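Following: one structure in structure tokens, then a few remarks.
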Amino acid sequence: MRTGKIINTALLAFVLGLFSFQTSSFKNAQLKNSRVKVAYQQKWPGLKHLLETKGIPEGELDLFLRIFKKEGVLEAWGKRHRDKDYGLLKSFAICSRSGVLGPKRRQGDYQVPEGFYDIAVFQPFSNYHLALKVSYPNKSDILNAKGKNPGGDIMIHGNCVTIGCIPIQDDPIEELYVLAVEAKNQGCAIPVYIFPFKFTADFAPANAETIQFWKTLQPAFEYFETNHRLPLISVNKLGEYVLNSALR
């Protein structure tokens, strides 16, 4: 029995050590790229101080991104792992936008998506300085594409050009990229909510189908505005977002 306990303890230590190595190696791998290394040198001291003022120690960042197309702003929210409530860290101006208000439905429509996503890929070799790939298309997007190619490769990136992406210029993307690496380094997903606008007034003019879609986004906006917590969101068989009562 004692031997079994020793083996189990050793196995647990090995698994925990392996997990720690895997998560910490993400940041190390990113820092091998010169752009990321320079971004850390220039941005991390100030960002670390910002996180400390928000009560978030190094190594405990949960990051959430909220984007408003009409207002042209990307908000970065953060919290400690054990906390539930997010606090606003920084806001970044979106310097260019293609398409119109409304969701992306097919390849080549130049639309910026609207919906609920995560950061899927880090691209330190981007043609637009640094880039974070959004997990578009999701289940809702695929169902609403109705058999057509929904497109993909939606990025938050530097520079100030776009054909459906979210550009915030080079200096701001360095800050955001460093924050994202810090969160990802702990094995955390980074949710990204993209809204057409802040749901604080009447809907912008649009067709009935788009307005109905926007009504499925509004509850998540209102929930976070009230609670500063992320709700659980599912997608039904019609491709509609459904807000669940349980907290994320």
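Quick note on naming: the chains in the structure tokens go A, B, ... in the order shown, residues restart at 1 in each chain, and ligands are numbered from 1 in order of appearance.
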Next on the checklist: as a ChimeraX atom specification, please: every residue in range 184-213 of chain A that DSSP puts in helix (DSSP H, G or I).
Outcome noted: /A:184,208-213
Next, the residues of the selection above should be written as a PDB file, in the first residue's frame with C-alpha atoms.
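Result file follows (selection.pdb):
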ATOM      1  CA  LYS A 184      -2.243  31.687 -22.932  1.00  0.00           C
ATOM      2  CA  ALA A 208     -35.219  41.877 -40.466  1.00  0.00           C
ATOM      3  CA  GLU A 209     -32.880  38.874 -40.572  1.00  0.00           C
ATOM      4  CA  THR A 210     -29.936  40.886 -39.266  1.00  0.00           C
ATOM      5  CA  ILE A 211     -32.015  42.502 -36.531  1.00  0.00           C
ATOM      6  CA  GLN A 212     -33.217  39.072 -35.405  1.00  0.00           C
ATOM      7  CA  PHE A 213     -29.601  37.896 -35.270  1.00  0.00           C
TER       8      PHE A 213
END
Next on the checklist: With only C-alpha atoms as the counted atoms, please give the residues lying no more than 6 Å from range 127-144 of chain A, apart from itself and same-chain residues fewer than 6 positions off, as a ChimeraX atom specification.
Outcome noted: /A:117-121,152,154-159,239
Item to check | Spatial neighbours of Arg66 in chain A, max dist 9 Å, only C-alpha atoms, sep filter under 6 positions, as a ChimeraX atom specification | outcome: /A:73-77,191-195
Item to check | Residues flagged strand (DSSP E or B) by DSSP in range 14-227 of chain A, as a VMD selection string | outcome: chain A and resid 61 to 68 73 to 80 87 to 93 115 to 123 131 to 134 155 to 157 166 to 167 191 to 195
Next on the checklist: Could you tell me how far CA of Arg106 in chain A sits from CA of Ala145 in chain A, in Å to one decimal place?
Outcome noted: 6.3 Å
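The shell of residues at most 7 Å from range 160-173 of chain A, with only C-alpha atoms counted and near chain neighbours (fewer than 5 positions) removed, consists of Phe92, Ala93, Ile94, Cys95, Ser96, Arg97, Ser98, Tyr110, Gln111, Val112, His129, Leu130, Ile154 and Met155 of chain A.
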Checklist entry - Between A:Ser25, A:Asn149, A:Thr53, A:Ser34, which has the minimum distance to Lys104 in chain A (counting only C-alpha atoms)? => result A:Asn149
Checklist entry - So, counting only C-alpha atoms, which residue among A:Gly78, A:Pro45, A:Pro124, A:Gly99 is closest to Tyr177 in chain A? => result A:Pro124
Next on the checklist: What's the separation between CA of Glu71 in chain A and CA of Glu175 in chain A, in Å to one decimal place?
Outcome noted: 20.5 Å
Item to check | Straight-line distance linking CA of Phe197 in chain A with CA of Thr226 in chain A, stated in Å to one decimal | outcome: 16.6 Å
Item to check | Pick from A:Leu238, A:Cys188, A:Val36, A:Ala204 nearest to Arg80 in chain A, counting only C-alpha atoms | outcome: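 Closest to Arg80 in chain A, using only C-alpha atoms: A:Cys188.
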